[in-house]
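Visitor: You'll find entry08.txt just under this line, and it carries compact mmCIF, N, CA and C atoms.
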# COMPACT_ATOMS: atom_id res chain seq x y z
N MET A 1 73.28 -13.83 -60.66
CA MET A 1 74.06 -14.55 -61.64
C MET A 1 74.35 -13.63 -62.83
N SER A 2 74.99 -14.15 -63.84
CA SER A 2 75.43 -13.31 -64.95
C SER A 2 74.32 -13.03 -65.96
N ASP A 3 74.66 -12.27 -67.01
CA ASP A 3 73.69 -11.87 -68.03
C ASP A 3 73.60 -12.87 -69.18
N VAL A 4 73.88 -14.12 -68.93
CA VAL A 4 73.86 -15.14 -69.98
C VAL A 4 72.41 -15.48 -70.31
N THR A 5 72.11 -15.59 -71.60
CA THR A 5 70.78 -16.04 -72.01
C THR A 5 70.72 -17.54 -71.79
N VAL A 6 69.76 -17.96 -71.01
CA VAL A 6 69.65 -19.38 -70.68
C VAL A 6 68.69 -20.04 -71.65
N LEU A 7 69.23 -20.97 -72.42
CA LEU A 7 68.41 -21.73 -73.37
C LEU A 7 67.58 -22.75 -72.61
N GLY A 8 66.56 -23.26 -73.26
CA GLY A 8 65.78 -24.35 -72.69
C GLY A 8 66.57 -25.64 -72.75
N MET A 9 66.15 -26.63 -72.00
CA MET A 9 66.89 -27.89 -71.94
C MET A 9 66.97 -28.60 -73.29
N GLU A 10 65.94 -28.51 -74.11
CA GLU A 10 65.99 -29.17 -75.42
C GLU A 10 67.13 -28.62 -76.26
N GLU A 11 67.26 -27.29 -76.29
CA GLU A 11 68.34 -26.67 -77.07
C GLU A 11 69.70 -27.04 -76.50
N ILE A 12 69.81 -27.04 -75.17
CA ILE A 12 71.07 -27.38 -74.53
C ILE A 12 71.47 -28.82 -74.88
N LEU A 13 70.53 -29.74 -74.80
CA LEU A 13 70.83 -31.14 -75.08
C LEU A 13 71.22 -31.35 -76.55
N LYS A 14 70.59 -30.61 -77.47
CA LYS A 14 70.98 -30.70 -78.89
C LYS A 14 72.43 -30.28 -79.06
N LYS A 15 72.80 -29.17 -78.42
CA LYS A 15 74.19 -28.69 -78.51
C LYS A 15 75.14 -29.68 -77.84
N LEU A 16 74.73 -30.24 -76.71
CA LEU A 16 75.58 -31.15 -75.96
C LEU A 16 75.90 -32.40 -76.79
N LYS A 17 74.93 -32.89 -77.55
CA LYS A 17 75.12 -34.11 -78.35
C LYS A 17 76.13 -33.92 -79.47
N LYS A 18 76.47 -32.68 -79.80
CA LYS A 18 77.48 -32.42 -80.83
C LYS A 18 78.90 -32.68 -80.32
N LEU A 19 79.03 -32.81 -79.00
CA LEU A 19 80.35 -32.97 -78.39
C LEU A 19 80.70 -34.45 -78.22
N PRO A 20 82.00 -34.76 -78.13
CA PRO A 20 82.41 -36.14 -77.86
C PRO A 20 81.85 -36.61 -76.51
N GLU A 21 81.64 -37.91 -76.39
CA GLU A 21 81.02 -38.47 -75.18
C GLU A 21 81.78 -38.10 -73.90
N ARG A 22 83.10 -38.16 -73.93
CA ARG A 22 83.92 -37.82 -72.76
C ARG A 22 83.65 -36.39 -72.32
N VAL A 23 83.56 -35.48 -73.27
CA VAL A 23 83.30 -34.07 -72.97
C VAL A 23 81.88 -33.89 -72.45
N GLN A 24 80.94 -34.63 -73.02
CA GLN A 24 79.56 -34.57 -72.53
C GLN A 24 79.50 -34.93 -71.05
N LYS A 25 80.20 -35.99 -70.66
CA LYS A 25 80.21 -36.42 -69.26
C LYS A 25 80.82 -35.34 -68.37
N ASN A 26 81.90 -34.73 -68.83
CA ASN A 26 82.53 -33.67 -68.05
C ASN A 26 81.61 -32.46 -67.89
N VAL A 27 80.92 -32.12 -68.95
CA VAL A 27 79.98 -30.98 -68.90
C VAL A 27 78.85 -31.29 -67.92
N LEU A 28 78.31 -32.49 -67.97
CA LEU A 28 77.21 -32.85 -67.07
C LEU A 28 77.67 -32.90 -65.62
N THR A 29 78.86 -33.42 -65.37
CA THR A 29 79.40 -33.44 -64.02
C THR A 29 79.58 -32.01 -63.50
N GLY A 30 80.12 -31.15 -64.32
CA GLY A 30 80.28 -29.75 -63.93
C GLY A 30 78.96 -29.07 -63.67
N ALA A 31 77.95 -29.40 -64.48
CA ALA A 31 76.62 -28.81 -64.30
C ALA A 31 76.01 -29.25 -62.97
N ILE A 32 76.20 -30.50 -62.62
CA ILE A 32 75.67 -30.98 -61.34
C ILE A 32 76.36 -30.28 -60.18
N ARG A 33 77.67 -30.15 -60.27
CA ARG A 33 78.41 -29.45 -59.20
C ARG A 33 78.00 -27.97 -59.13
N ALA A 34 77.80 -27.34 -60.27
CA ALA A 34 77.35 -25.94 -60.29
C ALA A 34 75.95 -25.80 -59.70
N SER A 35 75.10 -26.77 -59.99
CA SER A 35 73.73 -26.70 -59.49
C SER A 35 73.67 -26.92 -57.98
N ALA A 36 74.67 -27.56 -57.42
CA ALA A 36 74.70 -27.81 -55.98
C ALA A 36 75.10 -26.57 -55.19
N LYS A 37 75.78 -25.63 -55.83
CA LYS A 37 76.31 -24.46 -55.11
C LYS A 37 75.26 -23.65 -54.35
N PRO A 38 74.09 -23.37 -54.92
CA PRO A 38 73.11 -22.60 -54.15
C PRO A 38 72.65 -23.33 -52.88
N ILE A 39 72.49 -24.64 -52.96
CA ILE A 39 72.06 -25.41 -51.78
C ILE A 39 73.19 -25.45 -50.75
N ILE A 40 74.41 -25.66 -51.19
CA ILE A 40 75.55 -25.70 -50.28
C ILE A 40 75.68 -24.36 -49.56
N LYS A 41 75.58 -23.28 -50.31
CA LYS A 41 75.72 -21.94 -49.71
C LYS A 41 74.63 -21.71 -48.65
N GLU A 42 73.40 -22.08 -48.96
CA GLU A 42 72.30 -21.89 -48.02
C GLU A 42 72.45 -22.82 -46.81
N ALA A 43 72.85 -24.06 -47.02
CA ALA A 43 73.04 -24.99 -45.90
C ALA A 43 74.13 -24.49 -44.97
N ARG A 44 75.20 -23.96 -45.53
CA ARG A 44 76.28 -23.41 -44.70
C ARG A 44 75.80 -22.19 -43.91
N ARG A 45 74.87 -21.44 -44.49
CA ARG A 45 74.32 -20.28 -43.78
C ARG A 45 73.44 -20.73 -42.62
N LEU A 46 72.71 -21.83 -42.80
CA LEU A 46 71.74 -22.29 -41.81
C LEU A 46 72.30 -23.19 -40.72
N VAL A 47 73.41 -23.85 -40.98
CA VAL A 47 73.93 -24.84 -40.03
C VAL A 47 74.37 -24.16 -38.73
N PRO A 48 74.01 -24.78 -37.59
CA PRO A 48 74.50 -24.24 -36.31
C PRO A 48 76.03 -24.37 -36.27
N VAL A 49 76.70 -23.32 -35.81
CA VAL A 49 78.16 -23.32 -35.83
C VAL A 49 78.71 -23.29 -34.40
N ARG A 50 79.54 -24.27 -34.12
CA ARG A 50 80.27 -24.27 -32.85
C ARG A 50 81.75 -24.10 -33.16
N SER A 51 82.30 -25.02 -33.94
CA SER A 51 83.72 -24.93 -34.30
C SER A 51 83.91 -24.54 -35.77
N GLY A 52 82.88 -24.71 -36.58
CA GLY A 52 82.97 -24.42 -38.00
C GLY A 52 83.29 -25.63 -38.86
N THR A 53 83.60 -26.76 -38.23
CA THR A 53 83.96 -27.97 -38.97
C THR A 53 82.79 -28.48 -39.81
N LEU A 54 81.61 -28.53 -39.20
CA LEU A 54 80.44 -29.03 -39.93
C LEU A 54 80.12 -28.11 -41.10
N LYS A 55 80.19 -26.82 -40.89
CA LYS A 55 79.91 -25.84 -41.94
C LYS A 55 80.85 -26.04 -43.13
N LYS A 56 82.13 -26.21 -42.84
CA LYS A 56 83.13 -26.40 -43.90
C LYS A 56 82.98 -27.74 -44.61
N SER A 57 82.40 -28.73 -43.91
CA SER A 57 82.32 -30.07 -44.48
C SER A 57 81.19 -30.24 -45.50
N ILE A 58 80.26 -29.30 -45.57
CA ILE A 58 79.12 -29.44 -46.48
C ILE A 58 79.62 -29.31 -47.92
N GLY A 59 79.32 -30.31 -48.73
CA GLY A 59 79.79 -30.30 -50.11
C GLY A 59 79.09 -31.35 -50.95
N VAL A 60 79.65 -31.59 -52.13
CA VAL A 60 79.10 -32.56 -53.08
C VAL A 60 79.95 -33.82 -53.04
N ARG A 61 79.29 -34.95 -53.02
CA ARG A 61 79.98 -36.24 -53.05
C ARG A 61 79.54 -36.99 -54.29
N LYS A 62 80.50 -37.52 -55.01
CA LYS A 62 80.24 -38.29 -56.23
C LYS A 62 80.57 -39.75 -55.95
N ARG A 63 79.61 -40.63 -56.26
CA ARG A 63 79.82 -42.07 -56.06
C ARG A 63 79.38 -42.82 -57.30
N ARG A 64 80.01 -43.95 -57.54
CA ARG A 64 79.65 -44.83 -58.66
C ARG A 64 79.08 -46.13 -58.12
N SER A 65 78.20 -46.73 -58.91
CA SER A 65 77.68 -48.05 -58.54
C SER A 65 78.79 -49.07 -58.69
N LYS A 66 78.58 -50.24 -58.15
CA LYS A 66 79.62 -51.29 -58.21
C LYS A 66 80.00 -51.64 -59.64
N ASP A 67 79.01 -51.63 -60.55
CA ASP A 67 79.32 -51.93 -61.94
C ASP A 67 79.82 -50.69 -62.70
N ARG A 68 79.93 -49.57 -61.99
CA ARG A 68 80.48 -48.30 -62.49
C ARG A 68 79.63 -47.66 -63.59
N LYS A 69 78.40 -48.13 -63.79
CA LYS A 69 77.54 -47.59 -64.85
C LYS A 69 76.68 -46.43 -64.36
N ILE A 70 76.44 -46.36 -63.07
CA ILE A 70 75.58 -45.31 -62.52
C ILE A 70 76.42 -44.42 -61.61
N ILE A 71 76.28 -43.12 -61.81
CA ILE A 71 76.97 -42.15 -60.97
C ILE A 71 75.91 -41.43 -60.15
N LYS A 72 76.15 -41.33 -58.85
CA LYS A 72 75.24 -40.63 -57.95
C LYS A 72 75.97 -39.48 -57.28
N PHE A 73 75.27 -38.37 -57.15
CA PHE A 73 75.81 -37.21 -56.46
C PHE A 73 74.92 -36.93 -55.26
N SER A 74 75.53 -36.52 -54.17
CA SER A 74 74.74 -36.12 -53.01
C SER A 74 75.35 -34.86 -52.42
N ILE A 75 74.49 -34.04 -51.84
CA ILE A 75 74.92 -32.83 -51.15
C ILE A 75 74.71 -33.11 -49.67
N ALA A 76 75.78 -33.07 -48.91
CA ALA A 76 75.69 -33.40 -47.49
C ALA A 76 76.99 -33.02 -46.79
N PRO A 77 76.97 -33.05 -45.47
CA PRO A 77 78.24 -32.92 -44.74
C PRO A 77 79.11 -34.14 -45.08
N LEU A 78 80.33 -33.92 -45.42
CA LEU A 78 81.22 -34.99 -45.85
C LEU A 78 82.03 -35.51 -44.66
N SER A 79 81.95 -36.81 -44.43
CA SER A 79 82.63 -37.43 -43.29
C SER A 79 84.14 -37.21 -43.35
N LYS A 80 84.71 -37.26 -44.53
CA LYS A 80 86.16 -37.09 -44.68
C LYS A 80 86.62 -35.71 -44.20
N LYS A 81 85.70 -34.76 -44.20
CA LYS A 81 86.05 -33.40 -43.77
C LYS A 81 85.54 -33.11 -42.36
N GLY A 82 85.18 -34.17 -41.61
CA GLY A 82 84.77 -33.99 -40.22
C GLY A 82 83.29 -33.79 -40.01
N GLY A 83 82.48 -33.97 -41.03
CA GLY A 83 81.05 -33.72 -40.91
C GLY A 83 80.22 -34.95 -40.61
N PHE A 84 80.83 -35.99 -40.05
CA PHE A 84 80.11 -37.24 -39.80
C PHE A 84 78.90 -37.07 -38.89
N TYR A 85 78.89 -36.05 -38.06
CA TYR A 85 77.79 -35.86 -37.11
C TYR A 85 76.67 -34.97 -37.65
N GLY A 86 76.76 -34.58 -38.92
CA GLY A 86 75.75 -33.70 -39.51
C GLY A 86 74.34 -34.26 -39.46
N MET A 87 74.21 -35.58 -39.63
CA MET A 87 72.87 -36.19 -39.60
C MET A 87 72.24 -36.08 -38.22
N PHE A 88 73.08 -36.08 -37.17
CA PHE A 88 72.54 -35.94 -35.82
C PHE A 88 72.03 -34.52 -35.59
N ILE A 89 72.72 -33.54 -36.14
CA ILE A 89 72.28 -32.15 -36.03
C ILE A 89 70.99 -31.96 -36.84
N GLU A 90 70.98 -32.48 -38.06
CA GLU A 90 69.82 -32.34 -38.95
C GLU A 90 68.57 -33.00 -38.38
N ASN A 91 68.68 -34.23 -37.90
CA ASN A 91 67.53 -35.02 -37.47
C ASN A 91 67.32 -35.07 -35.97
N GLY A 92 68.31 -34.67 -35.20
CA GLY A 92 68.22 -34.76 -33.75
C GLY A 92 68.51 -36.17 -33.28
N THR A 93 68.58 -36.32 -31.96
CA THR A 93 68.77 -37.63 -31.34
C THR A 93 67.80 -37.73 -30.18
N SER A 94 67.87 -38.82 -29.44
CA SER A 94 66.99 -38.96 -28.28
C SER A 94 67.31 -37.94 -27.19
N LYS A 95 68.51 -37.37 -27.24
CA LYS A 95 68.93 -36.41 -26.22
C LYS A 95 69.14 -35.00 -26.76
N MET A 96 68.91 -34.80 -28.05
CA MET A 96 69.19 -33.51 -28.66
C MET A 96 68.11 -33.16 -29.69
N ALA A 97 67.64 -31.95 -29.65
CA ALA A 97 66.63 -31.51 -30.62
C ALA A 97 67.23 -31.38 -32.01
N ALA A 98 66.40 -31.56 -32.99
CA ALA A 98 66.84 -31.43 -34.39
C ALA A 98 67.04 -29.96 -34.73
N HIS A 99 68.05 -29.70 -35.55
CA HIS A 99 68.30 -28.36 -36.11
C HIS A 99 68.49 -28.53 -37.62
N PRO A 100 67.38 -28.71 -38.35
CA PRO A 100 67.49 -28.95 -39.79
C PRO A 100 68.20 -27.80 -40.51
N PHE A 101 69.09 -28.15 -41.40
CA PHE A 101 69.77 -27.16 -42.22
C PHE A 101 69.86 -27.61 -43.67
N MET A 102 69.93 -28.92 -43.93
CA MET A 102 70.01 -29.41 -45.30
C MET A 102 68.65 -29.35 -45.99
N ARG A 103 67.62 -29.87 -45.36
CA ARG A 103 66.28 -29.88 -45.97
C ARG A 103 65.79 -28.46 -46.25
N PRO A 104 65.87 -27.53 -45.28
CA PRO A 104 65.43 -26.16 -45.57
C PRO A 104 66.25 -25.51 -46.70
N ALA A 105 67.54 -25.83 -46.76
CA ALA A 105 68.37 -25.28 -47.83
C ALA A 105 67.89 -25.78 -49.19
N PHE A 106 67.58 -27.07 -49.27
CA PHE A 106 67.08 -27.64 -50.52
C PHE A 106 65.74 -27.03 -50.89
N GLU A 107 64.86 -26.91 -49.91
CA GLU A 107 63.53 -26.36 -50.18
C GLU A 107 63.61 -24.91 -50.66
N LYS A 108 64.53 -24.15 -50.10
CA LYS A 108 64.65 -22.73 -50.48
C LYS A 108 65.34 -22.56 -51.83
N GLU A 109 66.38 -23.33 -52.08
CA GLU A 109 67.23 -23.11 -53.26
C GLU A 109 67.02 -24.11 -54.39
N GLY A 110 66.09 -25.03 -54.24
CA GLY A 110 65.88 -26.07 -55.25
C GLY A 110 65.67 -25.54 -56.66
N LYS A 111 64.88 -24.49 -56.81
CA LYS A 111 64.62 -23.94 -58.14
C LYS A 111 65.86 -23.26 -58.72
N ASN A 112 66.69 -22.70 -57.87
CA ASN A 112 67.92 -22.04 -58.35
C ASN A 112 68.94 -23.04 -58.87
N THR A 113 68.82 -24.30 -58.46
CA THR A 113 69.76 -25.31 -58.93
C THR A 113 69.60 -25.55 -60.43
N ILE A 114 68.38 -25.55 -60.89
CA ILE A 114 68.12 -25.78 -62.32
C ILE A 114 68.69 -24.64 -63.14
N LYS A 115 68.46 -23.42 -62.69
CA LYS A 115 68.98 -22.25 -63.40
C LYS A 115 70.52 -22.29 -63.43
N ALA A 116 71.13 -22.63 -62.29
CA ALA A 116 72.59 -22.70 -62.23
C ALA A 116 73.14 -23.76 -63.18
N ALA A 117 72.48 -24.91 -63.25
CA ALA A 117 72.93 -25.98 -64.16
C ALA A 117 72.81 -25.54 -65.61
N LYS A 118 71.70 -24.92 -65.97
CA LYS A 118 71.51 -24.46 -67.35
C LYS A 118 72.55 -23.41 -67.72
N GLU A 119 72.79 -22.46 -66.83
CA GLU A 119 73.78 -21.42 -67.12
C GLU A 119 75.17 -22.02 -67.32
N TYR A 120 75.53 -22.95 -66.43
CA TYR A 120 76.83 -23.60 -66.55
C TYR A 120 76.94 -24.33 -67.88
N MET A 121 75.91 -25.11 -68.22
CA MET A 121 75.94 -25.89 -69.45
C MET A 121 76.02 -24.99 -70.68
N ASN A 122 75.27 -23.90 -70.69
CA ASN A 122 75.33 -22.97 -71.82
C ASN A 122 76.75 -22.45 -72.03
N LYS A 123 77.37 -21.98 -70.96
CA LYS A 123 78.73 -21.43 -71.06
C LYS A 123 79.73 -22.50 -71.48
N ARG A 124 79.66 -23.65 -70.81
CA ARG A 124 80.65 -24.70 -71.03
C ARG A 124 80.52 -25.32 -72.41
N ILE A 125 79.30 -25.56 -72.86
CA ILE A 125 79.09 -26.16 -74.18
C ILE A 125 79.61 -25.23 -75.26
N ASP A 126 79.33 -23.93 -75.13
CA ASP A 126 79.83 -22.97 -76.12
C ASP A 126 81.36 -22.98 -76.17
N LYS A 127 82.01 -23.07 -75.01
CA LYS A 127 83.48 -23.13 -74.96
C LYS A 127 83.99 -24.39 -75.66
N GLU A 128 83.33 -25.52 -75.38
CA GLU A 128 83.76 -26.79 -75.96
C GLU A 128 83.52 -26.84 -77.46
N ILE A 129 82.42 -26.29 -77.92
CA ILE A 129 82.14 -26.26 -79.37
C ILE A 129 83.17 -25.37 -80.07
N ALA A 130 83.55 -24.28 -79.44
CA ALA A 130 84.57 -23.39 -80.03
C ALA A 130 85.92 -24.11 -80.20
N LYS A 131 86.19 -25.09 -79.36
CA LYS A 131 87.46 -25.84 -79.46
C LYS A 131 87.47 -26.82 -80.63
N LEU A 132 86.27 -27.23 -81.10
CA LEU A 132 86.20 -28.23 -82.18
C LEU A 132 86.69 -27.70 -83.50
As structure tokens, how would this structure be written, given the file I've shared?
Guide:
Amino acid sequence: MSDVTVLGMEEILKKLKKLPERVQKNVLTGAIRASAKPIIKEARRLVPVRSGTLKKSIGVRKRRSKDRKIIKFSIAPLSKKGGFYGMFIENGTSKMAAHPFMRPAFEKEGKNTIKAAKEYMNKRIDKEIAKL
């Protein structure tokens, strides 16, 4: 990654609170997407490839609760991109052995997600504060 000095979360949150609420939400959404990149990259490296569709389908999905107050993000093969069968590859079936790729990716890259989120937030918050 780059040579950015990564502040602790307390400092980042203090800076984030100086921004308008709409911008805060955008920064946090971007940070979550940035933090998912190491896991996505590793999962794509580990996934068994036949046609490449499953590999390409691995990404971040954003969902809202029915009352729209809670936002959830997940990293998984996306059905819209042809990855509906990813869970069968990951967990296996009664006729097929499991070939885990998501869980090992998370276990290997989990710590890098925090660093990626902090770096993204540091850069983005500084850009947004400069606009004020």
Visitor: Excluding same-chain residues fewer than 4 positions from A:Glu109, what lies within 6.5 Å of it counting all atoms listed in the file, as a ChimeraX atom specification?
Guide: /A:38-39,104-105,113
Visitor: Write a file of the selected residues as a PDB file, in the frame of the given file, keeping N, CA and C atoms.
Guide:
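again-v1.pdb, written as the output of this step:
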ATOM      1  N   PRO A  38      74.090 -23.370 -54.920  1.00  0.00           N
ATOM      2  CA  PRO A  38      73.110 -22.600 -54.150  1.00  0.00           C
ATOM      3  C   PRO A  38      72.650 -23.330 -52.880  1.00  0.00           C
ATOM      4  N   ILE A  39      72.490 -24.640 -52.960  1.00  0.00           N
ATOM      5  CA  ILE A  39      72.060 -25.410 -51.780  1.00  0.00           C
ATOM      6  C   ILE A  39      73.190 -25.450 -50.750  1.00  0.00           C
ATOM      7  N   PRO A 104      65.870 -27.530 -45.280  1.00  0.00           N
ATOM      8  CA  PRO A 104      65.430 -26.160 -45.570  1.00  0.00           C
ATOM      9  C   PRO A 104      66.250 -25.510 -46.700  1.00  0.00           C
ATOM     10  N   ALA A 105      67.540 -25.830 -46.760  1.00  0.00           N
ATOM     11  CA  ALA A 105      68.370 -25.280 -47.830  1.00  0.00           C
ATOM     12  C   ALA A 105      67.890 -25.780 -49.190  1.00  0.00           C
ATOM     13  N   THR A 113      68.820 -24.300 -58.460  1.00  0.00           N
ATOM     14  CA  THR A 113      69.760 -25.310 -58.930  1.00  0.00           C
ATOM     15  C   THR A 113      69.600 -25.550 -60.430  1.00  0.00           C
TER      16      THR A 113
END
Visitor: If I take atom CA of A:Ala116 and atom N of A:Pro100, how far is one from the other in Å, to one decimal?
Guide: 25.2 Å
Visitor: As an exercise, work out the distance from atom C of A:Val60 to atom N of A:Gly82 in Å and give it to one decimal place.
Guide: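 One can read the atom C of A:Val60 to atom N of A:Gly82 distance as 12.6 Å.
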Visitor: Please return, as a list in words, all residues of stretch 69-99 of chain A that DSSP assigns to strand (DSSP E) on the basis of the backbone.
Guide: Ile71, Lys72, Phe73, Ser74, Ile75, Ala76 and Pro77 of chain A
Visitor: Of the candidates A:Ala98, A:Ala117, A:Leu13, A:Ala76, which one gets nearest to A:Arg33 if we count only C-alpha atoms?
Guide: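 The answer is A:Ala117, which sits nearest to A:Arg33.
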Visitor: Near A:Met9, counting all atoms listed in the file, which residues have an atom at most 8 Å away, once you skip same-chain residues fewer than 5 positions from it, shown as number ranges by chain?
Guide: A: 14-15, 118
Visitor: Would you mind telling me which residue in A:Ala31, A:Ala36, A:Tyr85, A:Ile75 lies nearest to A:Leu54 when using only N, CA and C atoms?
Guide: A:Tyr85
Visitor: Report, in Å with one decimal, the straight-line distance from atom N of A:Glu107 to atom N of A:Gly86.
Guide: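 About the pair atom N of A:Glu107 and atom N of A:Gly86: they are 17.9 Å apart.
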Visitor: Please, which residues of stretch 51-109 of chain A, numbered as in this document, come out helix (DSSP H, G or I) from DSSP, as a list in words?
Guide: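 Answer for stretch 51-109 of chain A restricted to helix (DSSP H, G or I) is Thr53, Leu54, Lys55, Lys56, Ser57, Ser79, Lys80, Lys81, Gly86, Met87, Phe88, Ile89, Glu90, Asn91, Met102, Arg103, Pro104, Ala105, Phe106, Glu107, Lys108 and Glu109 of chain A.
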Visitor: Nearest to A:Arg103: which of A:Ile125, A:Gly52, A:Ala43, A:Phe88 is it, counting all atoms listed in the file?
Guide: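 Distance minimum relative to A:Arg103 lands on A:Ala43.
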Visitor: Tell me which residues come within 10 Å of (77.6, -26.2, -74.6), as a list in words, counting only C-alpha atoms in the file's coordinates.
Guide: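 With a cut-off of 10 Å, the residues come to Glu11, Ile12, Leu13, Lys14, Lys15, Leu16, Lys17, Lys18, Leu19, Val23, Gln24, Val27, Lys118, Glu119, Tyr120, Met121, Asn122, Lys123, Arg124, Ile125, Asp126, Lys127, Glu128, Ile129 and Ala130 of chain A.
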Visitor: Hey, could you patch up stretch 70-83 of chain A with N, CA, C and O atoms and hand it over as a CSV table (one decimal), in the frame of the given file?
Guide:
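Result went into selection-v2.csv, see below:
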chain,number,residue,atom,x,y,z
A,70,ILE,N,76.4,-46.4,-63.1
A,70,ILE,CA,75.6,-45.3,-62.5
A,70,ILE,C,76.4,-44.4,-61.6
A,70,ILE,O,77.2,-44.9,-60.8
A,71,ILE,N,76.3,-43.1,-61.8
A,71,ILE,CA,77.0,-42.2,-61.0
A,71,ILE,C,75.9,-41.4,-60.2
A,71,ILE,O,74.9,-41.0,-60.7
A,72,LYS,N,76.2,-41.3,-58.8
A,72,LYS,CA,75.2,-40.6,-58.0
A,72,LYS,C,76.0,-39.5,-57.3
A,72,LYS,O,77.1,-39.6,-56.9
A,73,PHE,N,75.3,-38.4,-57.2
A,73,PHE,CA,75.8,-37.2,-56.5
A,73,PHE,C,74.9,-36.9,-55.3
A,73,PHE,O,73.7,-37.1,-55.3
A,74,SER,N,75.5,-36.5,-54.2
A,74,SER,CA,74.7,-36.1,-53.0
A,74,SER,C,75.4,-34.9,-52.4
A,74,SER,O,76.6,-34.6,-52.5
A,75,ILE,N,74.5,-34.0,-51.8
A,75,ILE,CA,74.9,-32.8,-51.2
A,75,ILE,C,74.7,-33.1,-49.7
A,75,ILE,O,73.6,-33.4,-49.2
A,76,ALA,N,75.8,-33.1,-48.9
A,76,ALA,CA,75.7,-33.4,-47.5
A,76,ALA,C,77.0,-33.0,-46.8
A,76,ALA,O,78.0,-32.7,-47.5
A,77,PRO,N,77.0,-33.0,-45.5
A,77,PRO,CA,78.2,-32.9,-44.7
A,77,PRO,C,79.1,-34.1,-45.1
A,77,PRO,O,78.6,-35.3,-45.1
A,78,LEU,N,80.3,-33.9,-45.4
A,78,LEU,CA,81.2,-35.0,-45.8
A,78,LEU,C,82.0,-35.5,-44.7
A,78,LEU,O,82.7,-34.7,-44.0
A,79,SER,N,82.0,-36.8,-44.4
A,79,SER,CA,82.6,-37.4,-43.3
A,79,SER,C,84.1,-37.2,-43.4
A,79,SER,O,84.8,-37.0,-42.3
A,80,LYS,N,84.7,-37.3,-44.5
A,80,LYS,CA,86.2,-37.1,-44.7
A,80,LYS,C,86.6,-35.7,-44.2
A,80,LYS,O,87.8,-35.5,-43.9
A,81,LYS,N,85.7,-34.8,-44.2
A,81,LYS,CA,86.0,-33.4,-43.8
A,81,LYS,C,85.5,-33.1,-42.4
A,81,LYS,O,85.4,-32.0,-42.0
A,82,GLY,N,85.2,-34.2,-41.6
A,82,GLY,CA,84.8,-34.0,-40.2
A,82,GLY,C,83.3,-33.8,-40.0
A,82,GLY,O,82.9,-33.5,-38.9
A,83,GLY,N,82.5,-34.0,-41.0
A,83,GLY,CA,81.0,-33.7,-40.9
A,83,GLY,C,80.2,-35.0,-40.6
A,83,GLY,O,79.0,-35.0,-40.9
